[in-house]
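Trainee: Sending over target.cif (mmCIF, C-alpha atoms and all ligand atoms).
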data_data
loop_
_atom_site.label_atom_id
_atom_site.label_comp_id
_atom_site.auth_asym_id
_atom_site.auth_seq_id
_atom_site.Cartn_x
_atom_site.Cartn_y
_atom_site.Cartn_z
CA MET V 1 113.92 106.14 35.62
CA THR V 2 110.53 107.69 35.03
CA ALA V 3 107.87 106.84 37.56
CA ALA V 4 105.13 104.67 36.13
CA GLY V 5 101.64 106.13 36.18
CA PRO V 6 98.86 104.71 38.28
CA GLY V 7 97.76 101.35 36.98
CA SER V 8 100.95 100.68 35.06
CA VAL V 9 102.86 97.42 35.31
CA ALA V 10 106.53 97.43 36.24
CA ALA V 11 109.05 94.69 35.54
CA LEU V 12 110.69 93.01 38.51
CA PRO V 13 114.36 93.67 39.04
CA SER V 14 116.45 90.58 38.43
CA PRO V 15 117.94 89.09 41.58
CA ARG V 16 121.70 89.44 41.67
CA ASN V 17 122.89 85.96 42.53
CA ASP V 18 119.95 83.71 41.85
CA ASP V 19 119.44 82.52 38.29
CA SER V 20 116.41 80.45 39.20
CA MET V 21 114.73 83.54 40.57
CA ALA V 22 115.65 85.58 37.51
CA ALA V 23 114.14 82.93 35.29
CA LEU V 24 110.90 83.01 37.24
CA ALA V 25 110.62 86.75 37.53
CA THR V 26 107.36 87.93 35.99
CA PRO V 27 105.85 91.38 35.91
CA LEU V 28 104.99 92.57 39.37
CA TYR V 29 101.45 93.11 40.49
CA ILE V 30 99.94 96.24 39.14
CA VAL V 31 101.53 99.01 41.13
CA SER V 32 100.73 102.66 41.12
CA ALA V 33 103.20 105.46 41.58
CA HIS V 34 100.92 107.38 43.88
CA ILE V 35 100.89 106.55 47.57
CA ASN V 36 97.80 105.16 49.21
CA ASP V 37 96.80 107.23 52.18
CA PRO V 38 95.50 104.57 54.56
CA SER V 39 93.59 107.10 56.65
CA SER V 40 91.92 108.88 53.77
CA ALA V 41 89.08 106.45 53.13
CA PRO V 42 85.73 108.16 53.60
CA VAL V 43 83.70 107.03 56.59
CA PRO V 44 80.00 106.52 55.75
CA VAL V 45 77.62 108.95 57.45
CA GLY V 46 76.64 107.60 60.86
CA ALA V 47 79.53 105.12 60.96
CA ARG V 48 82.42 105.43 63.39
CA ARG V 49 85.97 105.85 62.15
CA PRO V 50 87.78 102.61 63.07
CA VAL V 51 90.28 102.71 65.94
CA ARG V 52 93.70 102.64 64.29
CA SER V 53 97.06 101.60 65.66
CA PHE V 54 98.74 104.67 64.17
CA VAL V 55 98.48 108.40 63.67
CA LEU V 56 100.02 109.53 60.43
CA ARG V 57 103.12 111.63 61.06
CA GLN V 58 103.43 114.69 58.87
CA GLY V 59 107.26 114.64 58.77
CA ARG V 60 108.95 115.99 55.65
CA LEU V 61 110.49 113.58 53.18
CA SER V 62 114.17 114.00 52.47
CA PRO V 63 114.94 114.51 48.75
CA ALA V 64 116.44 111.00 48.68
CA GLN V 65 113.31 109.48 50.22
CA GLN V 66 111.09 111.39 47.76
CA ARG V 67 113.23 110.19 44.86
CA ALA V 68 113.02 106.63 46.17
CA LEU V 69 109.22 106.86 46.34
CA ASP V 70 108.97 108.30 42.83
CA GLU V 71 111.38 105.92 41.17
CA LEU V 72 111.39 102.75 43.24
CA LEU V 73 107.84 102.33 44.50
CA PRO V 74 106.69 101.27 41.01
CA ARG V 75 109.42 98.59 41.06
CA TYR V 76 109.27 97.22 44.58
CA GLY V 77 105.88 98.42 45.81
CA LEU V 78 102.49 96.77 45.84
CA ALA V 79 99.31 98.76 45.48
CA PHE V 80 96.55 98.13 47.94
CA ALA V 81 93.68 96.19 46.39
CA ASN V 82 90.78 94.14 47.60
CA ALA V 83 92.15 90.93 46.08
CA PRO V 84 94.33 88.16 47.53
CA LEU V 85 97.99 88.28 46.56
CA ASP V 86 99.54 85.55 44.47
CA TRP V 87 102.92 85.20 46.19
CA ARG V 88 104.62 83.59 43.20
CA ARG V 89 103.65 86.52 41.00
CA VAL V 90 104.59 89.10 43.62
CA PHE V 91 108.12 87.75 44.13
CA GLY V 92 108.71 85.94 40.85
CA ARG V 93 109.51 82.71 42.65
CA THR V 94 108.11 80.25 45.16
CA ALA V 95 109.65 80.67 48.61
CA PRO V 96 108.44 81.12 52.19
CA VAL V 97 106.95 84.56 52.80
CA VAL V 98 107.56 86.58 55.98
CA LEU V 99 105.47 89.68 56.68
CA GLU V 100 106.94 92.54 58.73
CA ILE V 101 104.37 94.91 60.22
CA GLY V 102 105.53 98.47 60.97
CA PHE V 103 109.12 98.34 59.73
CA GLY V 104 109.85 101.98 60.61
CA MET V 105 112.89 103.09 58.61
CA GLY V 106 113.46 99.53 57.36
CA GLU V 107 117.01 98.98 58.57
CA THR V 108 116.08 95.70 60.27
CA THR V 109 113.99 94.54 57.32
CA ALA V 110 116.91 95.07 54.95
CA ALA V 111 119.41 93.38 57.28
CA ILE V 112 117.23 90.31 57.79
CA ALA V 113 116.35 90.05 54.09
CA ALA V 114 120.04 90.24 53.15
CA SER V 115 120.86 87.45 55.60
CA ARG V 116 117.98 85.21 54.43
CA PRO V 117 118.00 85.37 50.61
CA ASP V 118 115.98 82.15 50.44
CA VAL V 119 112.98 83.86 52.07
CA ASN V 120 110.62 86.48 50.57
CA PHE V 121 109.81 89.50 52.76
CA LEU V 122 106.83 91.81 52.53
CA GLY V 123 107.03 94.95 54.67
CA VAL V 124 103.96 97.01 55.49
CA GLU V 125 104.23 100.53 56.92
CA VAL V 126 102.04 103.63 57.07
CA PHE V 127 104.89 106.10 57.61
CA MET V 128 105.75 107.46 54.18
CA ALA V 129 109.32 108.52 54.99
CA GLY V 130 109.96 104.99 56.27
CA VAL V 131 108.65 103.50 53.03
CA GLY V 132 111.02 105.77 51.09
CA ALA V 133 113.91 104.78 53.35
CA LEU V 134 113.33 101.05 52.89
CA LEU V 135 112.93 101.42 49.12
CA LYS V 136 116.31 103.15 49.05
CA ARG V 137 117.92 100.31 51.02
CA ILE V 138 116.37 97.68 48.74
CA ASP V 139 117.80 99.39 45.72
CA GLU V 140 121.24 100.12 47.20
CA GLN V 141 121.62 96.55 48.48
CA GLN V 142 119.94 95.00 45.42
CA LEU V 143 117.57 93.01 47.62
CA ALA V 144 115.48 90.97 45.20
CA ASN V 145 113.48 89.33 47.98
CA VAL V 146 111.73 92.38 49.49
CA ARG V 147 108.45 94.05 48.54
CA VAL V 148 106.83 97.01 50.26
CA ILE V 149 103.29 98.21 50.76
CA HIS V 150 102.31 101.60 52.15
CA HIS V 151 99.09 100.80 53.93
CA ASP V 152 97.41 99.83 57.18
CA ALA V 153 98.45 96.28 58.12
CA VAL V 154 94.97 95.58 59.46
CA GLU V 155 93.43 96.18 56.04
CA LEU V 156 96.28 94.43 54.25
CA LEU V 157 95.60 91.27 56.24
CA ARG V 158 91.86 91.53 55.83
CA ASP V 159 91.89 92.03 52.07
CA MET V 160 95.14 90.79 50.54
CA ILE V 161 96.95 88.09 52.52
CA PRO V 162 95.71 84.58 51.74
CA PRO V 163 94.84 82.48 54.81
CA ASP V 164 97.46 80.00 56.09
CA SER V 165 100.04 81.46 53.70
CA LEU V 166 102.74 83.16 55.78
CA ALA V 167 105.86 81.39 57.01
CA GLY V 168 106.36 84.07 59.64
CA VAL V 169 105.34 87.50 60.90
CA HIS V 170 107.60 90.09 62.53
CA VAL V 171 106.08 92.80 64.73
CA TYR V 172 109.04 94.63 66.23
CA PHE V 173 108.39 97.39 68.75
CA PRO V 174 104.84 98.24 67.73
CA ASP V 175 103.67 101.63 68.99
CA PRO V 176 103.16 101.14 72.75
CA TRP V 177 100.25 103.57 73.23
CA GLN V 178 101.23 104.09 76.83
CA LYS V 179 98.17 105.90 78.20
CA LYS V 180 95.45 103.57 79.39
CA ARG V 181 92.79 105.32 77.31
CA HIS V 182 94.94 104.61 74.23
CA HIS V 183 95.47 100.90 74.92
CA LYS V 184 92.66 100.15 72.48
CA ARG V 185 95.01 101.26 69.71
CA ARG V 186 97.60 98.58 70.50
CA LEU V 187 98.12 96.20 67.60
CA ILE V 188 98.84 93.06 69.61
CA ALA V 189 95.34 92.67 70.95
CA GLN V 190 92.20 90.87 69.92
CA PRO V 191 90.54 90.67 67.45
CA PHE V 192 93.65 91.50 65.35
CA VAL V 193 95.76 88.67 66.80
CA GLY V 194 93.16 86.06 65.82
CA ARG V 195 93.12 87.35 62.27
CA LEU V 196 96.89 87.55 62.13
CA ALA V 197 97.24 83.96 63.36
CA SER V 198 94.81 82.69 60.72
CA HIS V 199 97.09 84.00 57.96
CA ILE V 200 100.16 82.13 59.27
CA ALA V 201 100.71 78.66 57.85
CA PRO V 202 100.61 75.78 60.37
CA GLY V 203 104.11 75.54 61.85
CA GLY V 204 104.87 79.17 60.94
CA TYR V 205 105.81 81.73 63.58
CA LEU V 206 104.84 85.10 65.02
CA HIS V 207 107.75 87.05 66.52
CA CYS V 208 106.90 90.15 68.56
CA ALA V 209 109.20 92.41 70.56
CA THR V 210 108.61 95.39 72.82
CA ASP V 211 110.49 97.55 75.30
CA TRP V 212 107.35 98.44 77.30
CA GLU V 213 106.86 96.01 80.18
CA ASP V 214 103.09 96.34 80.46
CA TYR V 215 102.75 95.81 76.70
CA ALA V 216 104.97 92.71 77.00
CA VAL V 217 102.63 91.39 79.70
CA GLN V 218 99.64 92.12 77.46
CA MET V 219 101.32 90.41 74.49
CA LEU V 220 102.07 87.30 76.51
CA GLU V 221 98.51 87.11 77.76
CA VAL V 222 96.82 87.78 74.42
CA LEU V 223 99.07 85.42 72.44
CA SER V 224 98.83 82.66 75.09
CA ASN V 225 95.03 82.89 74.97
CA GLU V 226 94.85 82.69 71.18
CA PRO V 227 93.81 79.08 70.39
CA GLN V 228 95.55 79.05 66.99
CA LEU V 229 98.95 79.76 68.59
CA ALA V 230 101.32 77.90 70.91
CA ASN V 231 104.23 79.50 72.76
CA SER V 232 107.61 78.22 71.54
CA CYS V 233 109.09 79.03 74.96
CA ALA V 234 107.98 79.06 78.55
CA GLY V 235 107.06 82.75 78.67
CA TYR V 236 109.30 85.26 76.87
CA ALA V 237 111.81 84.13 74.26
CA PRO V 238 115.48 84.48 75.17
CA GLY V 239 117.17 85.78 71.99
CA GLY V 240 120.37 83.81 72.47
CA SER V 241 118.90 80.31 72.51
CA ASN V 242 115.91 80.60 70.21
CA PRO V 243 116.98 80.93 66.56
CA ILE V 244 113.70 82.59 65.56
CA ALA V 245 113.98 85.17 68.34
CA GLN V 246 117.37 86.30 67.08
CA ARG V 247 117.07 89.58 65.21
CA PRO V 248 119.17 92.69 64.68
CA THR V 249 118.74 95.56 67.13
CA THR V 250 116.07 97.82 65.66
CA LYS V 251 115.98 101.61 65.95
CA PHE V 252 113.26 101.46 68.59
CA HIS V 253 115.05 98.65 70.43
CA ALA V 254 118.11 100.92 70.74
CA ARG V 255 115.89 103.82 71.83
CA GLY V 256 114.31 101.65 74.53
CA GLU V 257 117.74 100.67 75.83
CA ARG V 258 118.82 104.33 75.90
CA LEU V 259 115.76 105.05 78.02
CA GLY V 260 116.70 102.23 80.41
CA HIS V 261 113.83 99.97 79.33
CA GLY V 262 114.00 96.19 79.25
CA VAL V 263 113.34 94.29 76.01
CA TRP V 264 110.96 91.34 75.70
CA ASP V 265 110.71 89.00 72.70
CA LEU V 266 107.86 86.54 72.17
CA VAL V 267 107.83 83.70 69.62
CA PHE V 268 104.59 81.81 69.07
CA LEU V 269 103.95 79.05 66.54
CA ARG V 270 100.78 78.50 64.52
CA ARG V 271 99.16 75.21 65.49
C1 LIG N 301 107.57 102.27 67.18
S1 LIG N 301 107.75 102.09 65.46
C2 LIG N 301 108.84 100.67 65.32
C3 LIG N 301 109.58 100.66 64.03
C4 LIG N 301 110.54 99.48 63.85
N1 LIG N 301 109.86 98.22 63.83
C5 LIG N 301 111.62 99.48 64.90
O1 LIG N 301 111.63 98.57 65.74
O2 LIG N 301 112.47 100.38 64.86
C6 LIG N 301 106.19 101.37 64.99
C7 LIG N 301 105.90 101.51 63.50
O3 LIG N 301 104.70 100.83 63.18
C8 LIG N 301 103.99 101.57 62.19
N2 LIG N 301 102.58 101.16 62.26
C9 LIG N 301 101.74 101.33 63.30
N3 LIG N 301 100.54 100.80 63.02
C10 LIG N 301 100.63 100.29 61.76
C11 LIG N 301 99.69 99.64 60.91
N4 LIG N 301 98.44 99.38 61.31
N5 LIG N 301 100.10 99.25 59.69
C12 LIG N 301 101.37 99.50 59.27
N6 LIG N 301 102.29 100.12 60.05
C13 LIG N 301 101.92 100.51 61.26
C14 LIG N 301 104.26 103.02 62.59
O4 LIG N 301 104.09 103.89 61.50
C15 LIG N 301 105.70 102.96 63.07
O5 LIG N 301 106.61 103.25 62.03
#
Kindly present the structure from the file in structure tokens form.

Mentor:
Amino acid sequence: MTAAGPGSVAALPSPRNDDSMAALATPLYIVSAHINDPSSAPVPVGARRPVRSFVLRQGRLSPAQQRALDELLPRYGLAFANAPLDWRRVFGRTAPVVLEIGFGMGETTAAIAASRPDVNFLGVEVFMAGVGALLKRIDEQQLANVRVIHHDAVELLRDMIPPDSLAGVHVYFPDPWQKKRHHKRRLIAQPFVGRLASHIAPGGYLHCATDWEDYAVQMLEVLSNEPQLANSCAGYAPGGSNPIAQRPTTKFHARGERLGHGVWDLVFLRR
């Protein structure tokens, strides 16, 4: 398939086993074949560059990841724009939408999406090789319920996610920024958590996980103090008994276990 040029419109792939979805499928949002570089925006003279939760890794793309970006981003990708998303147009059907922030290589995203075909998933990631890897999985597994955006989640929420519209948010093993002077880069902190909560629909959930104990303590404190959220558990969420807290083992979860770390899950509900 030839990659569409910037500003072109791509048709949605038809879902494999869902006629109702196929019937609803409409052209996807305008997507561009070029990748947004979330860190490339010019900073006005005199203004400070915002503190970001990531540093872009320069890793090389494998040929398969590059091919996936060229060919599949126009089909499954959303372009960043300063306009709220219309979920029905994005997915071609009306269904609950779950946002995953920082999906890494996307293995967990694909596994969860395959096991919950009745839910729409939007993954946001700044790591280009990870975006390519998830696109490849979407195509190989014919996952009609996943869309991807290569951008900073903070800006995505600010500019594109309608308020009160998400059924759930997954933030699995966000970068821990271990050094104290880097703690300001941690994602699960205010004011981001307040904004994130305001985009979850009442009754929807926020599921976070980390293998860094002091980040787990910070998460519990920040989320407990956020007035829009209520803890679904007393403290951390035991995976076995809480259906929302159940998730596949992610790459960084496995890495944490190899390093002898503990793992902490937190599930909060939007009031
Ligand atoms: C430690 S990795 C975890 C990946 C995956 N969730 C897992 O558990 O294996 C954190 C990921 O979050 C991404 N990330 C960090 N800040 C982000 C942001 N503001 N927007 C989108 N992605 C972000 C990083 O690029 C990285 O891939």

Trainee: I'd like the neighbourhood of Ala95 of chain V as a compact mmCIF listing (two decimals) with C-alpha atoms, keeping the file's coordinate frame, where a residue qualifies if any of its atoms comes within 8 Å (using only C-alpha atoms), though same-chain residues fewer than 4 positions away should be ignored.

Mentor:
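Heads up, here's the output in part28.txt:
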# COMPACT_ATOMS: atom_id res chain seq x y z
CA ARG V 88 104.62 83.59 43.20
CA ASP V 118 115.98 82.15 50.44
CA VAL V 119 112.98 83.86 52.07
CA ASN V 120 110.62 86.48 50.57

Trainee: Contacts of Glu221 of chain V at 12 Å or less, counting only C-alpha atoms, minus same-chain residues fewer than 5 places along, as a list in words?

Mentor: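 Here the qualifying residues turn out to be Ile188, Ala189, Gln190, Val193, Asp214, Tyr215, Ala216, Glu226, Pro227, Leu229, Ala230, Asn231, Gly235, Tyr236, Leu266 and Phe268 of chain V.
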
Trainee: Within 9 Å of ligand LIG 301 (chain N), counting all atoms listed in the file: which residues, as a CSV table (one decimal) with C-alpha atoms, keeping the file's coordinate frame?

Mentor:
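File written: result.csv
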chain,number,residue,atom,x,y,z
V,38,PRO,CA,95.5,104.6,54.6
V,52,ARG,CA,93.7,102.6,64.3
V,53,SER,CA,97.1,101.6,65.7
V,54,PHE,CA,98.7,104.7,64.2
V,55,VAL,CA,98.5,108.4,63.7
V,56,LEU,CA,100.0,109.5,60.4
V,57,ARG,CA,103.1,111.6,61.1
V,100,GLU,CA,106.9,92.5,58.7
V,101,ILE,CA,104.4,94.9,60.2
V,102,GLY,CA,105.5,98.5,61.0
V,103,PHE,CA,109.1,98.3,59.7
V,104,GLY,CA,109.8,102.0,60.6
V,105,MET,CA,112.9,103.1,58.6
V,106,GLY,CA,113.5,99.5,57.4
V,107,GLU,CA,117.0,99.0,58.6
V,108,THR,CA,116.1,95.7,60.3
V,109,THR,CA,114.0,94.5,57.3
V,123,GLY,CA,107.0,95.0,54.7
V,124,VAL,CA,104.0,97.0,55.5
V,125,GLU,CA,104.2,100.5,56.9
V,126,VAL,CA,102.0,103.6,57.1
V,127,PHE,CA,104.9,106.1,57.6
V,128,MET,CA,105.8,107.5,54.2
V,130,GLY,CA,110.0,105.0,56.3
V,149,ILE,CA,103.3,98.2,50.8
V,150,HIS,CA,102.3,101.6,52.2
V,151,HIS,CA,99.1,100.8,53.9
V,152,ASP,CA,97.4,99.8,57.2
V,153,ALA,CA,98.4,96.3,58.1
V,154,VAL,CA,95.0,95.6,59.5
V,155,GLU,CA,93.4,96.2,56.0
V,156,LEU,CA,96.3,94.4,54.2
V,170,HIS,CA,107.6,90.1,62.5
V,171,VAL,CA,106.1,92.8,64.7
V,172,TYR,CA,109.0,94.6,66.2
V,173,PHE,CA,108.4,97.4,68.8
V,174,PRO,CA,104.8,98.2,67.7
V,175,ASP,CA,103.7,101.6,69.0
V,176,PRO,CA,103.2,101.1,72.8
V,185,ARG,CA,95.0,101.3,69.7
V,186,ARG,CA,97.6,98.6,70.5
V,187,LEU,CA,98.1,96.2,67.6
V,209,ALA,CA,109.2,92.4,70.6
V,210,THR,CA,108.6,95.4,72.8
V,249,THR,CA,118.7,95.6,67.1
V,250,THR,CA,116.1,97.8,65.7
V,251,LYS,CA,116.0,101.6,66.0
V,252,PHE,CA,113.3,101.5,68.6
V,253,HIS,CA,115.0,98.6,70.4
V,254,ALA,CA,118.1,100.9,70.7
V,255,ARG,CA,115.9,103.8,71.8

Trainee: I need the residue nearest Arg270 of chain V from this list: V:Asn242, V:Gln58, V:Ser115, V:Ser224. Use all atoms listed in the file for the distance.

Mentor: V:Ser224

Trainee: Using only C-alpha atoms, find the one residue out of V:His199, V:His207, V:Arg147, V:Arg116 that sits nearest to Gln246 of chain V.

Mentor: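 The closest residue to Gln246 of chain V is V:His207.
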
Trainee: Counting only C-alpha atoms, which residues have an atom no more than 8 Å from (99.6, 85.8, 60.8) in the file's coordinates? Please list them as a PyMOL selection string.

Mentor: chain V and resi 164+166+168-169+193+195-201+205-206

Trainee: What is the distance, in Å and to one decimal place, between atom CA of Arg67 of chain V and atom CA of Lys136 of chain V?

Mentor: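 Those two atoms sit 8.8 Å apart.
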
Trainee: I'd like to know which of V:Gln228, V:Gln65, V:Trp212, V:Met160 is closest to Ala79 of chain V, using all atoms listed in the file.

Mentor: V:Met160

Trainee: When you draw a straight line from atom CA of Tyr76 of chain V to atom CA of Val146 of chain V, how long is it in Å?

Mentor: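 Result for atom CA of Tyr76 of chain V versus atom CA of Val146 of chain V: 7.3 Å, one decimal.
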
Trainee: Complete the atom set of segment 177-200 of chain V to N, CA and C atoms and return it as a compact mmCIF listing (two decimals), in the coordinates of the input.

Mentor:
# COMPACT_ATOMS: atom_id res chain seq x y z
N TRP V 177 101.48 102.91 72.76
CA TRP V 177 100.25 103.57 73.23
C TRP V 177 100.16 103.45 74.74
N GLN V 178 101.03 104.25 75.39
CA GLN V 178 101.23 104.09 76.83
C GLN V 178 100.02 104.42 77.69
N LYS V 179 99.27 105.49 77.33
CA LYS V 179 98.17 105.90 78.20
C LYS V 179 97.05 104.85 78.16
N LYS V 180 96.47 104.62 79.29
CA LYS V 180 95.45 103.57 79.39
C LYS V 180 94.31 103.80 78.38
N ARG V 181 93.92 105.06 78.21
CA ARG V 181 92.79 105.32 77.31
C ARG V 181 93.18 105.06 75.83
N HIS V 182 94.49 104.91 75.59
CA HIS V 182 94.94 104.61 74.23
C HIS V 182 95.24 103.13 74.01
N HIS V 183 95.12 102.32 75.07
CA HIS V 183 95.47 100.90 74.92
C HIS V 183 94.67 100.22 73.80
N LYS V 184 93.49 100.76 73.54
CA LYS V 184 92.66 100.15 72.48
C LYS V 184 93.31 100.25 71.10
N ARG V 185 94.31 101.12 71.00
CA ARG V 185 95.01 101.26 69.71
C ARG V 185 96.14 100.24 69.54
N ARG V 186 96.47 99.53 70.60
CA ARG V 186 97.60 98.58 70.50
C ARG V 186 97.28 97.49 69.48
N LEU V 187 98.29 97.17 68.68
CA LEU V 187 98.12 96.20 67.60
C LEU V 187 98.00 94.77 68.15
N ILE V 188 98.84 94.45 69.11
CA ILE V 188 98.84 93.06 69.61
C ILE V 188 97.75 92.94 70.66
N ALA V 189 96.55 92.77 70.14
CA ALA V 189 95.34 92.67 70.95
C ALA V 189 94.32 91.95 70.08
N GLN V 190 93.28 91.45 70.73
CA GLN V 190 92.20 90.87 69.92
C GLN V 190 91.30 91.98 69.42
N PRO V 191 90.62 91.87 68.27
CA PRO V 191 90.54 90.67 67.45
C PRO V 191 91.68 90.54 66.43
N PHE V 192 92.62 91.52 66.40
CA PHE V 192 93.65 91.50 65.35
C PHE V 192 94.51 90.24 65.43
N VAL V 193 94.85 89.82 66.67
CA VAL V 193 95.76 88.67 66.80
C VAL V 193 95.13 87.40 66.21
N GLY V 194 93.83 87.24 66.39
CA GLY V 194 93.16 86.06 65.82
C GLY V 194 93.24 86.06 64.31
N ARG V 195 93.04 87.25 63.73
CA ARG V 195 93.12 87.35 62.27
C ARG V 195 94.54 87.09 61.79
N LEU V 196 95.49 87.71 62.50
CA LEU V 196 96.89 87.55 62.13
C LEU V 196 97.27 86.06 62.15
N ALA V 197 96.89 85.38 63.22
CA ALA V 197 97.24 83.96 63.36
C ALA V 197 96.66 83.14 62.21
N SER V 198 95.46 83.49 61.76
CA SER V 198 94.81 82.69 60.72
C SER V 198 95.51 82.84 59.37
N HIS V 199 96.37 83.82 59.23
CA HIS V 199 97.09 84.00 57.96
C HIS V 199 98.47 83.34 57.99
N ILE V 200 98.87 82.83 59.16
CA ILE V 200 100.16 82.13 59.27
C ILE V 200 99.93 80.66 58.94
